[in-house]
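Next up, work-v1.cif (mmCIF, C-alpha atoms and all ligand atoms):
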data_start
#
loop_
_atom_site.label_atom_id
_atom_site.label_comp_id
_atom_site.auth_asym_id
_atom_site.auth_seq_id
_atom_site.Cartn_x
_atom_site.Cartn_y
_atom_site.Cartn_z
CA MET A 1 80.40 77.25 100.39
CA THR A 2 81.30 80.15 98.14
CA ASP A 3 84.81 80.41 96.77
CA ILE A 4 86.09 83.79 97.93
CA TYR A 5 88.44 84.11 94.92
CA GLY A 6 85.42 84.10 92.61
CA LEU A 7 83.90 87.32 93.99
CA THR A 8 84.59 90.93 93.10
CA LEU A 9 84.46 93.40 95.98
CA LYS A 10 80.91 94.32 95.00
CA LYS A 11 79.80 90.69 94.78
CA LEU A 12 81.38 89.92 98.16
CA ALA A 13 79.54 92.89 99.70
CA ASP A 14 76.24 91.61 98.23
CA LYS A 15 76.93 88.12 99.56
CA LEU A 16 77.66 89.48 103.03
CA THR A 17 74.35 91.35 102.99
CA GLU A 18 72.63 88.11 102.05
CA LEU A 19 74.24 86.46 105.07
CA GLY A 20 73.02 89.22 107.38
CA GLU A 21 76.44 90.83 107.73
CA LYS A 22 77.42 94.42 107.01
CA PRO A 23 78.51 94.78 103.37
CA SER A 24 81.28 97.15 104.45
CA ARG A 25 83.06 94.14 105.99
CA ALA A 26 84.21 93.43 102.45
CA ASP A 27 86.61 96.36 102.88
CA ILE A 28 88.32 94.49 105.69
CA ILE A 29 88.25 91.09 104.00
CA PHE A 30 89.55 92.12 100.57
CA PRO A 31 92.85 93.69 101.73
CA ALA A 32 93.54 90.58 103.84
CA VAL A 33 92.76 88.17 101.02
CA TYR A 34 94.55 90.07 98.23
CA GLY A 35 97.04 92.30 100.05
CA GLU A 36 98.25 89.91 102.72
CA LEU A 37 97.28 86.78 100.78
CA ALA A 38 95.59 85.32 103.87
CA ARG A 39 94.61 81.67 103.66
CA SER A 40 91.86 81.97 106.27
CA PHE A 41 89.84 84.62 108.09
CA ASP A 42 91.64 84.00 111.40
CA GLY A 43 92.91 87.16 113.00
CA LEU A 44 90.76 89.58 111.04
CA PRO A 45 89.54 92.47 113.25
CA LEU A 46 85.93 91.26 113.23
CA LYS A 47 83.52 89.91 115.85
CA GLN A 48 83.83 86.20 116.61
CA GLU A 49 80.32 85.63 115.25
CA THR A 50 81.20 87.24 111.95
CA LEU A 51 84.40 85.19 111.71
CA CYS A 52 82.32 82.03 112.21
CA THR A 53 79.87 83.07 109.49
CA LEU A 54 82.77 83.74 107.13
CA ALA A 55 84.44 80.39 107.87
CA GLU A 56 81.14 78.57 107.41
CA ASN A 57 80.27 80.20 104.11
CA PHE A 58 83.50 80.92 102.24
CA SER A 59 86.29 78.70 101.05
CA PHE A 60 89.68 79.58 99.57
CA GLY A 61 89.72 77.81 96.23
CA GLY A 62 92.06 78.27 93.34
CA PRO A 63 93.94 75.65 91.35
CA GLU A 64 96.72 73.47 92.70
CA CYS A 65 100.20 73.86 91.19
CA ILE A 66 101.54 70.48 90.10
CA GLU A 67 104.63 71.45 88.15
CA LYS A 68 106.93 74.43 87.71
CA LEU A 69 109.57 74.88 85.05
CA VAL A 70 112.14 77.56 85.75
CA SER A 71 114.36 79.50 83.39
CA GLU A 72 116.26 82.75 83.64
CA THR A 73 113.62 84.81 81.87
CA ALA A 74 110.34 82.96 82.40
CA ASP A 75 108.84 80.36 84.72
CA LYS A 76 105.98 78.18 83.73
CA TYR A 77 103.37 76.85 86.15
CA LEU A 78 101.11 73.89 85.47
CA PHE A 79 97.95 73.81 87.59
CA ARG A 80 95.38 71.11 88.27
CA LEU A 81 91.78 72.28 88.63
CA SER A 82 89.26 70.71 90.99
CA ASP A 83 87.74 68.68 88.14
CA GLY A 84 91.15 67.27 87.17
CA ASN A 85 91.66 69.47 84.11
CA THR A 86 95.01 71.22 83.78
CA ILE A 87 95.92 74.78 82.79
CA GLU A 88 99.12 76.78 82.69
CA SER A 89 100.45 80.25 83.41
CA VAL A 90 103.78 81.86 82.58
CA LEU A 91 105.66 84.29 84.78
CA MET A 92 107.71 86.59 82.59
CA LYS A 93 110.67 88.14 84.34
CA HIS A 94 111.37 91.45 82.61
CA GLU A 95 114.03 93.85 83.86
CA PHE A 96 111.24 96.29 84.72
CA GLY A 97 109.12 93.81 86.66
CA TYR A 98 107.07 90.65 86.68
CA ASN A 99 104.26 89.95 84.28
CA VAL A 100 101.94 86.95 84.46
CA CYS A 101 100.39 85.43 81.37
CA VAL A 102 97.09 83.87 82.47
CA SER A 103 94.93 81.24 80.80
CA THR A 104 91.21 81.83 80.40
CA GLN A 105 89.91 78.48 79.16
CA VAL A 106 90.73 74.78 79.41
CA GLY A 107 91.96 74.20 75.86
CA CYS A 108 90.94 76.44 72.96
CA ASN A 109 88.57 76.10 70.04
CA MET A 110 90.06 78.77 67.80
CA GLY A 111 92.24 76.19 66.06
CA CYS A 112 95.05 78.50 64.87
CA ARG A 113 97.23 76.09 62.95
CA PHE A 114 100.56 77.28 64.39
CA CYS A 115 99.45 77.23 68.03
CA ALA A 116 99.87 74.35 70.50
CA SER A 117 96.82 75.35 72.61
CA GLY A 118 94.42 74.52 69.84
CA ARG A 119 95.58 70.94 69.65
CA LEU A 120 93.66 70.40 72.87
CA LYS A 121 90.06 71.35 72.22
CA LYS A 122 88.19 73.57 74.60
CA VAL A 123 86.69 71.71 77.52
CA ARG A 124 85.22 74.73 79.29
CA ASP A 125 85.73 78.34 80.33
CA LEU A 126 87.74 79.02 83.47
CA THR A 127 85.90 80.39 86.48
CA VAL A 128 86.87 83.72 88.01
CA SER A 129 88.47 81.85 90.92
CA GLU A 130 90.58 79.72 88.58
CA MET A 131 91.97 82.86 86.94
CA VAL A 132 92.48 84.72 90.22
CA GLY A 133 94.06 81.55 91.67
CA GLN A 134 96.81 81.64 89.03
CA LEU A 135 97.81 85.11 90.28
CA ILE A 136 97.49 84.16 93.95
CA HIS A 137 99.77 81.16 93.60
CA ILE A 138 102.41 82.99 91.58
CA ARG A 139 102.29 86.06 93.80
CA ARG A 140 102.90 83.85 96.86
CA ASP A 141 105.64 81.94 95.06
CA ILE A 142 107.66 85.02 94.05
CA GLY A 143 106.97 87.00 97.22
CA THR A 144 106.84 90.33 95.45
CA ARG A 145 104.28 92.36 93.59
CA LEU A 146 103.27 91.79 89.99
CA GLY A 147 103.78 94.62 87.52
CA GLY A 148 101.33 93.52 84.88
CA ILE A 149 99.10 90.83 83.44
CA SER A 150 98.82 89.44 79.94
CA VAL A 151 95.48 87.79 79.32
CA MET A 152 96.98 85.73 76.53
CA GLY A 153 97.58 82.24 77.87
CA ILE A 154 95.52 79.27 76.75
CA GLY A 155 92.06 80.14 75.49
CA GLU A 156 90.21 82.94 73.75
CA PRO A 157 89.45 85.51 76.47
CA LEU A 158 86.62 87.21 74.59
CA GLU A 159 84.70 83.92 74.64
CA ASN A 160 84.78 84.10 78.45
CA LEU A 161 84.38 87.85 78.78
CA ALA A 162 82.09 88.08 81.83
CA ASN A 163 84.49 86.04 83.97
CA VAL A 164 87.52 87.82 82.52
CA LEU A 165 86.00 91.19 83.47
CA ASP A 166 85.45 90.07 87.07
CA PHE A 167 89.02 88.75 87.14
CA ILE A 168 90.34 92.10 85.91
CA ASP A 169 88.22 93.90 88.50
CA ILE A 170 89.85 91.84 91.28
CA ALA A 171 93.36 92.26 89.81
CA GLN A 172 92.91 96.04 89.90
CA TYR A 173 91.86 96.26 93.56
CA PRO A 174 94.24 98.90 95.01
CA LYS A 175 94.93 97.20 98.34
CA GLY A 176 95.48 93.86 96.58
CA PHE A 177 97.31 93.11 93.35
CA ASP A 178 96.84 96.75 92.43
CA ILE A 179 97.41 96.26 88.72
CA GLY A 180 95.98 99.19 86.74
CA ILE A 181 94.24 98.63 83.41
CA LYS A 182 97.17 100.22 81.59
CA HIS A 183 99.27 97.29 82.82
CA ILE A 184 96.82 94.64 81.68
CA THR A 185 96.79 93.45 78.08
CA LEU A 186 94.17 91.19 76.57
CA SER A 187 94.89 89.34 73.36
CA THR A 188 92.18 88.08 71.01
CA CYS A 189 92.27 86.30 67.68
CA GLY A 190 89.77 88.93 66.52
CA LEU A 191 86.26 88.14 67.76
CA VAL A 192 84.59 91.33 66.58
CA PRO A 193 81.51 91.49 68.86
CA GLY A 194 83.73 90.83 71.89
CA ILE A 195 86.06 93.70 70.93
CA TYR A 196 83.09 96.10 70.97
CA LYS A 197 81.87 94.71 74.29
CA LEU A 198 85.29 95.13 75.87
CA ALA A 199 85.55 98.64 74.43
CA ASP A 200 82.29 99.57 76.15
CA SER A 201 83.08 97.74 79.41
CA SER A 202 84.32 99.24 82.66
CA ALA A 203 87.79 97.77 82.04
CA PRO A 204 89.16 98.88 78.68
CA VAL A 205 92.54 97.21 79.11
CA ASN A 206 95.24 97.28 76.43
CA LEU A 207 93.92 95.43 73.43
CA ALA A 208 96.11 93.16 71.34
CA VAL A 209 94.71 91.58 68.19
CA SER A 210 96.36 88.54 66.65
CA LEU A 211 96.42 89.51 62.99
CA HIS A 212 99.16 87.30 61.55
CA ALA A 213 98.18 88.00 57.92
CA PRO A 214 97.39 91.13 55.87
CA ASP A 215 94.52 89.66 53.84
CA ASP A 216 91.57 87.41 54.51
CA ALA A 217 92.51 84.64 52.09
CA LEU A 218 95.91 84.05 53.68
CA ARG A 219 94.54 84.55 57.17
CA ARG A 220 91.90 81.88 56.61
CA THR A 221 94.62 79.33 55.85
CA ILE A 222 96.20 79.74 59.29
CA MET A 223 93.34 80.99 61.51
CA PRO A 224 89.90 79.37 61.19
CA SER A 225 88.28 82.33 63.01
CA ALA A 226 89.05 84.37 59.86
CA ASN A 227 86.17 82.53 58.19
CA LYS A 228 83.83 84.23 60.60
CA TYR A 229 85.35 87.69 60.94
CA ALA A 230 86.83 89.64 58.04
CA LEU A 231 89.88 91.83 58.51
CA ASN A 232 87.99 95.00 57.59
CA ASP A 233 85.53 94.38 60.41
CA ILE A 234 88.33 93.57 62.85
CA ILE A 235 90.14 96.78 61.92
CA ALA A 236 86.92 98.78 62.30
CA ALA A 237 86.40 97.28 65.78
CA ALA A 238 90.02 98.04 66.71
CA ARG A 239 89.55 101.63 65.53
CA TYR A 240 86.43 101.94 67.68
CA TYR A 241 88.35 100.52 70.65
CA SER A 242 91.21 102.91 70.19
CA GLU A 243 89.06 106.00 69.67
CA LYS A 244 86.57 105.27 72.43
CA ASN A 245 89.27 104.64 75.02
CA ASN A 246 92.02 106.80 73.62
CA ARG A 247 94.33 103.78 73.49
CA ARG A 248 96.92 102.44 71.17
CA VAL A 249 95.96 99.01 69.87
CA THR A 250 98.58 96.31 69.31
CA PHE A 251 98.51 94.04 66.29
CA GLU A 252 100.39 90.82 66.85
CA TYR A 253 102.11 89.27 63.90
CA VAL A 254 103.87 85.92 64.24
CA MET A 255 106.61 85.34 61.68
CA LEU A 256 105.95 82.07 59.85
CA ASP A 257 108.69 81.19 57.40
CA GLY A 258 107.49 81.44 53.78
CA VAL A 259 103.85 81.88 54.84
CA ASN A 260 103.17 85.48 55.94
CA ASP A 261 106.61 87.06 56.04
CA SER A 262 107.18 88.47 52.52
CA ASP A 263 107.94 92.13 51.79
CA GLU A 264 104.61 92.27 50.02
CA CYS A 265 102.84 91.05 53.18
CA ALA A 266 104.58 93.81 55.14
CA ALA A 267 103.48 96.49 52.66
CA ARG A 268 99.90 95.22 52.65
CA LEU A 269 99.85 95.10 56.43
CA ALA A 270 101.06 98.70 56.58
CA GLU A 271 98.31 99.74 54.19
CA LEU A 272 95.64 97.83 56.13
CA ILE A 273 96.36 99.54 59.44
CA SER A 274 97.55 102.94 58.29
CA GLY A 275 95.93 105.85 60.09
CA LEU A 276 95.10 103.81 63.16
CA ASN A 277 96.50 104.58 66.61
CA CYS A 278 98.38 101.28 66.77
CA TYR A 279 101.62 99.43 66.54
CA VAL A 280 102.68 96.03 65.33
CA ASN A 281 104.27 93.53 67.67
CA ILE A 282 106.39 91.19 65.58
CA ILE A 283 106.61 87.81 67.30
CA ARG A 284 109.26 85.22 66.55
CA TYR A 285 107.49 81.93 65.98
CA ASN A 286 108.25 79.42 68.71
CA PRO A 287 107.98 76.07 66.89
CA THR A 288 105.83 73.54 68.71
CA ASP A 289 106.09 69.77 68.47
CA GLY A 290 104.68 68.47 65.22
CA SER A 291 104.03 71.96 63.83
CA PRO A 292 104.37 72.28 60.04
CA PHE A 293 105.67 75.86 60.50
CA SER A 294 109.03 77.31 61.36
CA CYS A 295 110.16 80.80 62.30
CA SER A 296 111.27 83.18 59.56
CA PRO A 297 115.02 83.77 59.36
CA HIS A 298 116.41 86.85 61.04
CA GLU A 299 117.06 88.78 57.79
CA ARG A 300 113.46 88.21 56.68
CA ILE A 301 112.15 89.51 59.99
CA MET A 302 114.38 92.58 59.73
CA SER A 303 113.21 93.28 56.20
CA PHE A 304 109.56 93.00 57.31
CA TYR A 305 110.32 95.30 60.22
CA ASP A 306 112.02 97.88 58.00
CA ILE A 307 109.10 98.02 55.57
CA LEU A 308 106.61 98.66 58.35
CA LYS A 309 108.90 101.37 59.74
CA LYS A 310 109.25 102.99 56.34
CA HIS A 311 105.47 103.22 56.15
CA GLY A 312 105.45 105.05 59.48
CA ILE A 313 104.06 102.15 61.50
CA GLY A 314 105.26 101.70 65.10
CA VAL A 315 106.85 98.28 65.50
CA THR A 316 108.13 96.32 68.48
CA MET A 317 109.71 92.91 68.58
CA ARG A 318 108.71 90.71 71.48
CA ARG A 319 111.77 89.50 73.31
CA GLU A 320 112.00 85.76 73.24
CA LEU A 321 111.18 84.87 76.79
CA GLY A 322 110.82 81.35 77.92
CA ALA A 323 111.43 79.34 74.77
CA SER A 324 113.35 76.88 76.97
CA VAL A 325 110.39 76.37 79.30
CA ASN A 326 107.94 75.62 76.51
CA ALA A 327 106.37 79.00 77.05
CA ALA A 328 104.53 79.09 73.74
CA CYS A 329 100.84 78.82 74.45
CA GLY A 330 99.76 75.39 75.48
CA GLN A 331 103.11 73.70 75.14
CA LEU A 332 103.54 72.55 78.74
CA ARG A 333 99.98 71.43 79.01
CA ALA A 334 100.18 69.58 75.71
CA ALA A 335 103.40 67.90 76.82
CA SER A 336 101.90 66.85 80.16
CA LEU A 337 98.92 65.29 78.41
CA GLY A 338 101.06 63.72 75.69
CA GLY A 339 99.25 65.98 73.22
N1 LIG A 401 93.47 83.49 71.90
C1 LIG A 401 94.19 84.71 72.05
C2 LIG A 401 95.26 84.67 73.13
C3 LIG A 401 96.19 83.49 73.20
S1 LIG A 401 97.58 83.39 72.13
C4 LIG A 401 94.78 85.15 70.73
O1 LIG A 401 94.63 84.44 69.76
O2 LIG A 401 95.31 86.26 70.65
C5 LIG A 401 98.64 84.73 72.41
C6 LIG A 401 99.49 85.08 71.18
O3 LIG A 401 100.53 84.11 70.93
C7 LIG A 401 98.67 85.14 69.90
O4 LIG A 401 99.07 86.22 69.11
C8 LIG A 401 99.04 83.83 69.24
O5 LIG A 401 98.75 83.85 67.88
C9 LIG A 401 100.51 83.70 69.57
N2 LIG A 401 101.07 82.36 69.46
C10 LIG A 401 100.44 81.17 69.59
N3 LIG A 401 101.31 80.15 69.42
C11 LIG A 401 102.52 80.69 69.21
C12 LIG A 401 103.82 80.16 68.97
N4 LIG A 401 104.04 78.86 68.94
N5 LIG A 401 104.85 81.03 68.77
C13 LIG A 401 104.64 82.36 68.85
N6 LIG A 401 103.43 82.93 69.07
C14 LIG A 401 102.38 82.11 69.24
#
Mind converting the file's structure to structure tokens?
Amino acid sequence: MTDIYGLTLKKLADKLTELGEKPSRADIIFPAVYGELARSFDGLPLKQETLCTLAENFSFGGPECIEKLVSETADKYLFRLSDGNTIESVLMKHEFGYNVCVSTQVGCNMGCRFCASGRLKKVRDLTVSEMVGQLIHIRRDIGTRLGGISVMGIGEPLENLANVLDFIDIAQYPKGFDIGIKHITLSTCGLVPGIYKLADSSAPVNLAVSLHAPDDALRRTIMPSANKYALNDIIAAARYYSEKNNRRVTFEYVMLDGVNDSDECAARLAELISGLNCYVNIIRYNPTDGSPFSCSPHERIMSFYDILKKHGIGVTMRRELGASVNAACGQLRAASLGG
């Protein structure tokens, strides 16, 4: 049995050919599976024989939802995978539409010291079906279309790039989720080779890079991946991404009280990224259980913001969605595992 949610349109067409069916049948199957969210092939306008072949060869997989936490601005879904592992997704309810934050790995090996995901080490990459399944379940649950996707749940997406690209391909299918690449944002902690690969891929989505510090020494104290990739190389990769795809890159910057939030940090950050087609997304730190960090006070954040502005840098501040549903990466999963 092949899990239908794991196949792009092209891969489904190839599989149909392999089974002796016309590849063009994929154009009938895909709208049913992703537009109508069918749970079986029953009723598709195909010959009985073809329907039998489909039923015999394809299953509808995807993870099982075992818990949902609801709040006014964000809902969190906890899923169990077929091997018993758990993952989570967050539905963010903006005024302008729904956005789903998907996970790409079980656990995460990046080890950022402020992040709850890293407390649970990576077990494995998610399959395409397990990523698509998060969207399928949430789409069914809310009964309305999704406006965008953030590939910034648990995991480092550039470590699982091949599967993430297939997932994005499926999410873009016009008669299905129909989410264009301009409405998909992928966040990485700065894996330089992966940034180049994504830049050259068929799906140059919005790129967000978790910077969180304006110099390598400070960055290394909070993000172990900084030992491998220097800021200058990350900035060069971001510049390539932006120029190649004519896109504005986002730099994420989480405000950690007394750690990375000084006026000097702001000025150095401005200098580091000046001249790039980019903006900084200032994120309020959402303290996680047992974390040694806390969020910078409001006045500090405003001062940091003002300095970036004065240097001509575009700045946004992420609205605090979902703090009450443990929406910071990995929090629900960690809580459910007693982590
Ligand atoms: N591995 C990817 C994507 C997952 S994290 C990455 O590192 O970018 C998505 C964003 O949330 C990152 O910028 C991450 O640093 C930030 N983040 C993690 N834990 C957080 C917390 N407790 N509060 C606020 N932001 C957090």
Counting only C-alpha atoms and all ligand atoms, which protein, DNA or RNA residues come within 9 Å of ligand LIG 401 (chain A), given as a PyMOL selection string?
-> chain A and resi 103-104+108+110+112-118+150-158+186-190+208-212+223+251-255+283-288+291+295+327-331
In file coordinates, which residues lie within 10 Å of (98.6, 84.6, 94.8) using all atoms listed in the file, given as a list in words?
-> Val33, Tyr34, Gly35, Glu36, Leu37, Ala38, Gly62, Val132, Gly133, Gln134, Leu135, Ile136, His137, Ile138, Arg139, Arg140, Asp141, Ile142, Gly143, Arg145, Leu146, Gly176 and Phe177 of chain A
Quick one, how far is CA of Ser82 in chain A from CA of Glu56 in chain A?
-> 19.9 Å
What's the 8 Å shell around Pro23 in chain A, counting all atoms listed in the file, without same-chain residues fewer than 2 positions away, as a VMD selection string?
-> chain A and resid 12 to 17 21 25 to 26
CA of Arg248 in chain A to CA of Asn277 in chain A, straight-line distance in Å = 5.1 Å
Using only C-alpha atoms, find the one residue out of A:Phe293, A:Glu299, A:Glu271, A:Asp261 that sits nearest to Gly312 in chain A.
->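 Smallest distance to Gly312 in chain A is found for A:Glu271.
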Which of A:Leu161, A:Ile179, A:Val259, A:Leu218 sits closest to Tyr98 in chain A [using all atoms listed in the file] =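 Distance minimum relative to Tyr98 in chain A lands on A:Ile179.
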